[in-house]
$ cat my_file_22.pdb   # PDB, N, CA and C atoms and all ligand atoms
ATOM      1  N   MET A 379      -8.112 -23.340   7.654
ATOM      2  CA  MET A 379      -6.673 -23.569   7.906
ATOM      3  C   MET A 379      -5.862 -23.363   6.623
ATOM      4  N   SER A 380      -6.343 -23.989   5.521
ATOM      5  CA  SER A 380      -5.578 -23.851   4.291
ATOM      6  C   SER A 380      -5.660 -22.411   3.759
ATOM      7  N   ASN A 381      -6.798 -21.755   4.037
ATOM      8  CA  ASN A 381      -6.919 -20.359   3.597
ATOM      9  C   ASN A 381      -5.894 -19.476   4.308
ATOM     10  N   ARG A 382      -5.744 -19.772   5.578
ATOM     11  CA  ARG A 382      -4.807 -18.972   6.367
ATOM     12  C   ARG A 382      -3.368 -19.148   5.825
ATOM     13  N   ARG A 383      -3.039 -20.389   5.489
ATOM     14  CA  ARG A 383      -1.689 -20.649   4.979
ATOM     15  C   ARG A 383      -1.495 -19.903   3.644
ATOM     16  N   GLU A 384      -2.528 -19.975   2.824
ATOM     17  CA  GLU A 384      -2.445 -19.305   1.529
ATOM     18  C   GLU A 384      -2.225 -17.795   1.712
ATOM     19  N   PHE A 385      -2.941 -17.262   2.683
ATOM     20  CA  PHE A 385      -2.832 -15.828   2.947
ATOM     21  C   PHE A 385      -1.397 -15.460   3.347
ATOM     22  N   ILE A 386      -0.829 -16.294   4.194
ATOM     23  CA  ILE A 386       0.534 -16.016   4.667
ATOM     24  C   ILE A 386       1.524 -16.120   3.501
ATOM     25  N   VAL A 387       1.331 -17.122   2.647
ATOM     26  CA  VAL A 387       2.218 -17.279   1.490
ATOM     27  C   VAL A 387       2.116 -16.048   0.592
ATOM     28  N   GLN A 388       0.870 -15.600   0.341
ATOM     29  CA  GLN A 388       0.698 -14.434  -0.527
ATOM     30  C   GLN A 388       1.317 -13.193   0.102
ATOM     31  N   LEU A 389       1.151 -13.087   1.393
ATOM     32  CA  LEU A 389       1.673 -11.922   2.104
ATOM     33  C   LEU A 389       3.200 -11.876   1.986
ATOM     34  N   SER A 390       3.831 -13.027   2.184
ATOM     35  CA  SER A 390       5.289 -13.013   2.139
ATOM     36  C   SER A 390       5.794 -12.809   0.709
ATOM     37  N   LEU A 391       5.095 -13.364  -0.272
ATOM     38  CA  LEU A 391       5.502 -13.144  -1.665
ATOM     39  C   LEU A 391       5.359 -11.670  -2.014
ATOM     40  N   GLY A 392       4.227 -11.100  -1.596
ATOM     41  CA  GLY A 392       3.959  -9.685  -1.895
ATOM     42  C   GLY A 392       5.012  -8.782  -1.296
ATOM     43  N   SER A 393       5.381  -9.004  -0.056
ATOM     44  CA  SER A 393       6.350  -8.105   0.565
ATOM     45  C   SER A 393       7.728  -8.316  -0.055
ATOM     46  N   GLY A 394       8.012  -9.539  -0.520
ATOM     47  CA  GLY A 394       9.285  -9.801  -1.176
ATOM     48  C   GLY A 394       9.414  -8.974  -2.441
ATOM     49  N   VAL A 395       8.335  -8.897  -3.196
ATOM     50  CA  VAL A 395       8.341  -8.116  -4.434
ATOM     51  C   VAL A 395       8.553  -6.643  -4.107
ATOM     52  N   LEU A 396       7.867  -6.177  -3.073
ATOM     53  CA  LEU A 396       7.999  -4.769  -2.688
ATOM     54  C   LEU A 396       9.434  -4.451  -2.271
ATOM     55  N   VAL A 397      10.030  -5.333  -1.499
ATOM     56  CA  VAL A 397      11.385  -5.096  -1.019
ATOM     57  C   VAL A 397      12.364  -5.044  -2.185
ATOM     58  N   SER A 398      12.253  -6.017  -3.124
ATOM     59  CA  SER A 398      13.216  -6.010  -4.219
ATOM     60  C   SER A 398      12.977  -4.810  -5.136
ATOM     61  N   GLY A 399      11.733  -4.396  -5.299
ATOM     62  CA  GLY A 399      11.441  -3.213  -6.115
ATOM     63  C   GLY A 399      12.084  -1.984  -5.512
ATOM     64  N   ALA A 400      11.947  -1.833  -4.204
ATOM     65  CA  ALA A 400      12.510  -0.665  -3.529
ATOM     66  C   ALA A 400      14.036  -0.715  -3.588
ATOM     67  N   ALA A 401      14.617  -1.910  -3.459
ATOM     68  CA  ALA A 401      16.067  -2.040  -3.477
ATOM     69  C   ALA A 401      16.612  -1.625  -4.841
ATOM     70  N   MET A 402      15.909  -1.993  -5.905
ATOM     71  CA  MET A 402      16.358  -1.628  -7.250
ATOM     72  C   MET A 402      16.344  -0.123  -7.436
ATOM     73  N   ALA A 403      15.267   0.514  -6.978
ATOM     74  CA  ALA A 403      15.132   1.960  -7.162
ATOM     75  C   ALA A 403      16.197   2.702  -6.362
ATOM     76  N   ALA A 404      16.592   2.125  -5.236
ATOM     77  CA  ALA A 404      17.494   2.829  -4.338
ATOM     78  C   ALA A 404      18.952   2.408  -4.507
ATOM     79  N   ALA A 405      19.265   1.590  -5.529
ATOM     80  CA  ALA A 405      20.640   1.122  -5.686
ATOM     81  C   ALA A 405      21.587   2.324  -5.753
ATOM     82  N   PRO A 406      22.573   2.359  -4.870
ATOM     83  CA  PRO A 406      23.499   3.500  -4.843
ATOM     84  C   PRO A 406      24.504   3.456  -5.990
ATOM     85  N   MET A 407      25.060   4.606  -6.283
ATOM     86  CA  MET A 407      26.092   4.685  -7.320
ATOM     87  C   MET A 407      27.367   4.004  -6.804
ATOM     88  N   LEU A 408      28.053   3.342  -7.703
ATOM     89  CA  LEU A 408      29.326   2.724  -7.357
ATOM     90  C   LEU A 408      30.355   3.832  -7.117
ATOM     91  N   ASP A 409      31.077   3.704  -6.014
ATOM     92  CA  ASP A 409      32.103   4.679  -5.659
ATOM     93  C   ASP A 409      33.442   4.217  -6.247
ATOM     94  N   GLU A 410      34.174   5.138  -6.859
ATOM     95  CA  GLU A 410      35.490   4.783  -7.424
ATOM     96  C   GLU A 410      36.432   4.259  -6.335
ATOM     97  N   ALA A 411      36.164   4.647  -5.095
ATOM     98  CA  ALA A 411      37.025   4.245  -3.972
ATOM     99  C   ALA A 411      36.673   2.857  -3.435
ATOM    100  N   ASP A 412      35.565   2.283  -3.904
ATOM    101  CA  ASP A 412      35.158   0.927  -3.509
ATOM    102  C   ASP A 412      36.297  -0.043  -3.870
ATOM    103  N   ALA A 413      36.559  -1.011  -2.988
ATOM    104  CA  ALA A 413      37.708  -1.913  -3.192
ATOM    105  C   ALA A 413      37.658  -2.639  -4.537
ATOM    106  N   THR A 414      36.492  -3.176  -4.908
ATOM    107  CA  THR A 414      36.382  -3.893  -6.193
ATOM    108  C   THR A 414      36.521  -2.912  -7.347
ATOM    109  N   ALA A 415      35.933  -1.729  -7.191
ATOM    110  CA  ALA A 415      36.033  -0.713  -8.237
ATOM    111  C   ALA A 415      37.499  -0.354  -8.485
ATOM    112  N   LYS A 416      38.241  -0.168  -7.410
ATOM    113  CA  LYS A 416      39.668   0.174  -7.526
ATOM    114  C   LYS A 416      40.430  -0.951  -8.212
ATOM    115  N   ALA A 417      40.137  -2.190  -7.791
ATOM    116  CA  ALA A 417      40.841  -3.350  -8.345
ATOM    117  C   ALA A 417      40.624  -3.472  -9.851
ATOM    118  N   LEU A 418      39.444  -3.024 -10.317
ATOM    119  CA  LEU A 418      39.139  -3.132 -11.747
ATOM    120  C   LEU A 418      39.323  -1.806 -12.487
ATOM    121  N   GLY A 419      39.873  -0.829 -11.792
ATOM    122  CA  GLY A 419      40.164   0.453 -12.426
ATOM    123  C   GLY A 419      38.927   1.225 -12.838
ATOM    124  N   TYR A 420      37.813   1.034 -12.110
ATOM    125  CA  TYR A 420      36.569   1.725 -12.470
ATOM    126  C   TYR A 420      36.682   3.233 -12.274
ATOM    127  N   VAL A 421      36.205   3.978 -13.255
ATOM    128  CA  VAL A 421      36.127   5.439 -13.162
ATOM    129  C   VAL A 421      34.742   5.856 -13.656
ATOM    130  N   THR A 422      34.210   6.948 -13.118
ATOM    131  CA  THR A 422      32.874   7.392 -13.524
ATOM    132  C   THR A 422      32.932   8.117 -14.879
ATOM    133  N   ASP A 423      34.160   8.454 -15.301
ATOM    134  CA  ASP A 423      34.344   9.128 -16.589
ATOM    135  C   ASP A 423      35.433   8.359 -17.346
ATOM    136  N   THR A 424      35.052   7.730 -18.457
ATOM    137  CA  THR A 424      35.999   6.891 -19.208
ATOM    138  C   THR A 424      37.278   7.644 -19.586
ATOM    139  N   ALA A 425      37.188   8.969 -19.746
ATOM    140  CA  ALA A 425      38.357   9.773 -20.104
ATOM    141  C   ALA A 425      39.412   9.748 -18.996
ATOM    142  N   LYS A 426      38.973   9.376 -17.775
ATOM    143  CA  LYS A 426      39.905   9.388 -16.636
ATOM    144  C   LYS A 426      40.510   8.008 -16.359
ATOM    145  N   ALA A 427      40.265   7.049 -17.238
ATOM    146  CA  ALA A 427      40.831   5.705 -17.045
ATOM    147  C   ALA A 427      42.352   5.792 -17.081
ATOM    148  N   ASP A 428      43.003   4.948 -16.303
ATOM    149  CA  ASP A 428      44.462   4.940 -16.209
ATOM    150  C   ASP A 428      45.064   4.314 -17.477
ATOM    151  N   ALA A 429      45.499   5.165 -18.402
ATOM    152  CA  ALA A 429      45.999   4.698 -19.697
ATOM    153  C   ALA A 429      47.277   3.866 -19.570
ATOM    154  N   LYS A 430      48.098   4.182 -18.570
ATOM    155  CA  LYS A 430      49.340   3.424 -18.381
ATOM    156  C   LYS A 430      49.043   2.008 -17.920
ATOM    157  N   LYS A 431      48.126   1.919 -16.974
ATOM    158  CA  LYS A 431      47.771   0.621 -16.403
ATOM    159  C   LYS A 431      46.904  -0.195 -17.364
ATOM    160  N   TYR A 432      46.098   0.503 -18.157
ATOM    161  CA  TYR A 432      45.172  -0.185 -19.071
ATOM    162  C   TYR A 432      45.396   0.308 -20.499
ATOM    163  N   PRO A 433      46.500  -0.124 -21.134
ATOM    164  CA  PRO A 433      46.821   0.365 -22.490
ATOM    165  C   PRO A 433      45.774   0.021 -23.546
ATOM    166  N   LYS A 434      44.934  -0.972 -23.274
ATOM    167  CA  LYS A 434      43.916  -1.335 -24.267
ATOM    168  C   LYS A 434      42.672  -0.471 -24.168
ATOM    169  N   HIS A 435      42.631   0.384 -23.147
ATOM    170  CA  HIS A 435      41.474   1.266 -22.998
ATOM    171  C   HIS A 435      41.421   2.245 -24.168
ATOM    172  N   ALA A 436      40.215   2.511 -24.653
ATOM    173  CA  ALA A 436      40.030   3.513 -25.700
ATOM    174  C   ALA A 436      38.917   4.453 -25.255
ATOM    175  N   ALA A 437      39.020   5.709 -25.675
ATOM    176  CA  ALA A 437      38.059   6.723 -25.254
ATOM    177  C   ALA A 437      36.622   6.381 -25.651
ATOM    178  N   THR A 438      36.479   5.571 -26.686
ATOM    179  CA  THR A 438      35.128   5.211 -27.146
ATOM    180  C   THR A 438      34.485   4.145 -26.248
ATOM    181  N   GLN A 439      35.305   3.492 -25.407
ATOM    182  CA  GLN A 439      34.755   2.462 -24.518
ATOM    183  C   GLN A 439      34.108   3.122 -23.313
ATOM    184  N   GLN A 440      32.876   2.771 -23.039
ATOM    185  CA  GLN A 440      32.217   3.253 -21.826
ATOM    186  C   GLN A 440      31.110   2.281 -21.436
ATOM    187  N   CYS A 441      30.730   2.330 -20.162
ATOM    188  CA  CYS A 441      29.723   1.401 -19.646
ATOM    189  C   CYS A 441      28.497   1.346 -20.557
ATOM    190  N   GLY A 442      28.086   2.500 -21.070
ATOM    191  CA  GLY A 442      26.881   2.564 -21.902
ATOM    192  C   GLY A 442      26.957   1.692 -23.151
ATOM    193  N   ASN A 443      28.165   1.362 -23.631
ATOM    194  CA  ASN A 443      28.254   0.477 -24.798
ATOM    195  C   ASN A 443      29.006  -0.815 -24.444
ATOM    196  N   CYS A 444      28.968  -1.162 -23.166
ATOM    197  CA  CYS A 444      29.565  -2.417 -22.686
ATOM    198  C   CYS A 444      28.451  -3.463 -22.630
ATOM    199  N   THR A 445      28.797  -4.675 -23.000
ATOM    200  CA  THR A 445      27.787  -5.740 -23.041
ATOM    201  C   THR A 445      27.236  -6.068 -21.649
ATOM    202  N   LEU A 446      27.964  -5.701 -20.598
ATOM    203  CA  LEU A 446      27.510  -6.012 -19.235
ATOM    204  C   LEU A 446      26.586  -4.948 -18.645
ATOM    205  N   PHE A 447      26.497  -3.793 -19.299
ATOM    206  CA  PHE A 447      25.653  -2.699 -18.792
ATOM    207  C   PHE A 447      24.191  -3.105 -18.902
ATOM    208  N   GLN A 448      23.454  -2.977 -17.790
ATOM    209  CA  GLN A 448      22.061  -3.418 -17.792
ATOM    210  C   GLN A 448      21.056  -2.284 -17.815
ATOM    211  N   GLY A 449      21.535  -1.059 -17.954
ATOM    212  CA  GLY A 449      20.610   0.056 -18.100
ATOM    213  C   GLY A 449      20.078   0.053 -19.529
ATOM    214  N   LYS A 450      19.060   0.876 -19.779
ATOM    215  CA  LYS A 450      18.525   0.986 -21.139
ATOM    216  C   LYS A 450      19.401   1.955 -21.925
ATOM    217  N   ALA A 451      19.329   1.875 -23.255
ATOM    218  CA  ALA A 451      20.082   2.806 -24.093
ATOM    219  C   ALA A 451      19.674   4.227 -23.716
ATOM    220  N   GLY A 452      20.639   5.075 -23.506
ATOM    221  CA  GLY A 452      20.348   6.461 -23.162
ATOM    222  C   GLY A 452      20.284   6.731 -21.665
ATOM    223  N   ASP A 453      20.225   5.688 -20.842
ATOM    224  CA  ASP A 453      20.219   5.879 -19.388
ATOM    225  C   ASP A 453      21.571   6.423 -18.942
ATOM    226  N   ALA A 454      21.556   7.351 -17.981
ATOM    227  CA  ALA A 454      22.808   7.916 -17.477
ATOM    228  C   ALA A 454      23.518   6.958 -16.539
ATOM    229  N   THR A 455      22.746   6.068 -15.914
ATOM    230  CA  THR A 455      23.317   5.091 -14.990
ATOM    231  C   THR A 455      22.583   3.764 -15.174
ATOM    232  N   GLY A 456      23.198   2.693 -14.714
ATOM    233  CA  GLY A 456      22.537   1.397 -14.798
ATOM    234  C   GLY A 456      23.300   0.359 -14.009
ATOM    235  N   PRO A 457      22.641  -0.763 -13.710
ATOM    236  CA  PRO A 457      23.310  -1.822 -12.969
ATOM    237  C   PRO A 457      24.346  -2.545 -13.828
ATOM    238  N   CYS A 458      25.340  -3.137 -13.167
ATOM    239  CA  CYS A 458      26.349  -3.952 -13.837
ATOM    240  C   CYS A 458      26.594  -5.154 -12.938
ATOM    241  N   PRO A 459      26.523  -6.375 -13.482
ATOM    242  CA  PRO A 459      26.689  -7.573 -12.649
ATOM    243  C   PRO A 459      28.056  -7.688 -11.979
ATOM    244  N   ILE A 460      29.053  -6.989 -12.507
ATOM    245  CA  ILE A 460      30.389  -7.024 -11.894
ATOM    246  C   ILE A 460      30.331  -6.357 -10.509
ATOM    247  N   PHE A 461      29.464  -5.332 -10.411
ATOM    248  CA  PHE A 461      29.325  -4.592  -9.158
ATOM    249  C   PHE A 461      27.882  -4.725  -8.683
ATOM    250  N   ALA A 462      27.541  -5.902  -8.190
ATOM    251  CA  ALA A 462      26.167  -6.214  -7.779
ATOM    252  C   ALA A 462      25.631  -5.220  -6.757
ATOM    253  N   GLY A 463      24.405  -4.774  -6.987
ATOM    254  CA  GLY A 463      23.739  -3.886  -6.034
ATOM    255  C   GLY A 463      24.129  -2.428  -6.186
ATOM    256  N   LYS A 464      24.943  -2.128  -7.209
ATOM    257  CA  LYS A 464      25.373  -0.741  -7.420
ATOM    258  C   LYS A 464      25.022  -0.314  -8.842
ATOM    259  N   GLN A 465      24.974   0.992  -9.036
ATOM    260  CA  GLN A 465      24.745   1.553 -10.365
ATOM    261  C   GLN A 465      26.082   2.080 -10.876
ATOM    262  N   VAL A 466      26.338   1.883 -12.149
ATOM    263  CA  VAL A 466      27.558   2.464 -12.732
ATOM    264  C   VAL A 466      27.141   3.580 -13.691
ATOM    265  N   ALA A 467      28.053   4.502 -13.933
ATOM    266  CA  ALA A 467      27.756   5.620 -14.824
ATOM    267  C   ALA A 467      27.880   5.159 -16.275
ATOM    268  N   ALA A 468      26.923   5.552 -17.124
ATOM    269  CA  ALA A 468      26.966   5.158 -18.545
ATOM    270  C   ALA A 468      28.256   5.648 -19.194
ATOM    271  N   LYS A 469      28.805   6.769 -18.697
ATOM    272  CA  LYS A 469      30.055   7.318 -19.251
ATOM    273  C   LYS A 469      31.278   6.755 -18.532
ATOM    274  N   GLY A 470      31.052   5.831 -17.591
ATOM    275  CA  GLY A 470      32.147   5.243 -16.826
ATOM    276  C   GLY A 470      32.845   4.134 -17.598
ATOM    277  N   TRP A 471      33.788   3.498 -16.923
ATOM    278  CA  TRP A 471      34.566   2.423 -17.553
ATOM    279  C   TRP A 471      35.252   1.600 -16.476
ATOM    280  N   CYS A 472      35.454   0.314 -16.747
ATOM    281  CA  CYS A 472      36.313  -0.511 -15.892
ATOM    282  C   CYS A 472      37.026  -1.519 -16.790
ATOM    283  N   SER A 473      38.048  -2.186 -16.246
ATOM    284  CA  SER A 473      38.880  -3.066 -17.066
ATOM    285  C   SER A 473      38.166  -4.354 -17.477
ATOM    286  N   SER A 474      36.940  -4.584 -16.996
ATOM    287  CA  SER A 474      36.176  -5.756 -17.436
ATOM    288  C   SER A 474      35.323  -5.418 -18.665
ATOM    289  N   TYR A 475      35.542  -4.241 -19.213
ATOM    290  CA  TYR A 475      34.761  -3.784 -20.375
ATOM    291  C   TYR A 475      34.776  -4.805 -21.507
ATOM    292  N   VAL A 476      33.583  -5.075 -22.037
ATOM    293  CA  VAL A 476      33.438  -5.952 -23.225
ATOM    294  C   VAL A 476      32.502  -5.213 -24.182
ATOM    295  N   LYS A 477      33.000  -4.921 -25.355
ATOM    296  CA  LYS A 477      32.197  -4.171 -26.331
ATOM    297  C   LYS A 477      30.889  -4.891 -26.636
ATOM    298  N   LYS A 478      29.804  -4.110 -26.610
ATOM    299  CA  LYS A 478      28.490  -4.672 -26.940
ATOM    300  C   LYS A 478      28.477  -5.041 -28.419
ATOM    301  N   ALA A 479      28.002  -6.254 -28.736
ATOM    302  CA  ALA A 479      28.002  -6.721 -30.130
ATOM    303  C   ALA A 479      27.020  -5.923 -30.971
TER
HETATM  304  S1  LIG B   1      31.881  -4.265 -16.839
HETATM  305 FE1  LIG B   1      31.214  -2.805 -18.390
HETATM  306  S2  LIG B   1      29.326  -1.870 -17.559
HETATM  307 FE2  LIG B   1      30.371  -2.884 -15.874
HETATM  308  S3  LIG B   1      31.597  -1.236 -14.938
HETATM  309 FE3  LIG B   1      32.919  -2.336 -16.385
HETATM  310  S4  LIG B   1      32.765  -1.175 -18.314
HETATM  311 FE4  LIG B   1      31.052  -0.561 -16.988
END
$ encode --input "my_file_22.pdb" --output "structure tokens" --more "lines below"
Ligand code: SF4
Amino acid sequence: MSNRREFIVQLSLGSGVLVSGAAMAAAPMLDEADATAKALGYVTDTAKADAKKYPKHAATQQCGNCTLFQGKAGDATGPCPIFAGKQVAAKGWCSSYVKKA
């Protein structure tokens, strides 16, 4: 009886790991038209940021050097906690940008 329970626990833990692994690999790119992306002025190319709306934006600011970017250095895309479940472009930008220390 206890073996059976253990088996079920292991089975559910195992499939949970598989599901989250697959979800990470398949995370879609954030769309500029996404409601949250629009609200934060997200663009896939930092050069296209709205300079009038965001006067503090600078061309050197991009997701790749933002403290919230969770991709590795050199990655073209990576996750960002502001846009959960989506990938942002390393060359992108949004108004929540915080320079990496
Ligand atoms: S918070 Fe940083 S990493 Fe996330 S989208 Fe905005 S600029 Fe890019």
$ resolve_selection --input "my_file_22.pdb" --expression "the PyMOL selection byres (((chain A and resi 448) around 6.5) and not hetatm)" --output "MDAnalysis selection string"
chainID A and resid 445:447 449:450 456:459
$ residues_near_ligand --input "my_file_22.pdb" --ligand "ligand LIG 1 (chain B)" --cutoff "5 Å" --atoms "all atoms listed in the file" --output "PyMOL selection string"
chain A and resi 440-441+444+446-447+458+471-472+474-476
$ resolve_selection --input "my_file_22.pdb" --expression "the PyMOL selection byres (((chain A and resi 415 and name CA) around 12) and not hetatm and name CA)" --output "list in words"
Met407, Leu408, Asp409, Glu410, Ala411, Asp412, Ala413, Thr414, Lys416, Ala417, Leu418, Gly419, Tyr420, Val421, Thr422, Ala427, Cys458, Ile460, Phe461, Ala462, Lys464, Gln465, Val466, Gly470, Trp471, Cys472, Ser473 and Ser474 of chain A
$ atom_distance --input "my_file_22.pdb" --atom1 "atom CA of A:Ala468" --atom2 "atom CA of A:Thr424"
9.2 Å
$ atom_distance --input "my_file_22.pdb" --atom1 "atom N of A:Pro406" --atom2 "atom CA of A:Ala467"
11.7 Å
$ atom_distance --input "my_file_22.pdb" --atom1 "atom CA of A:His435" --atom2 "atom N of A:Gly463"
24.2 Å
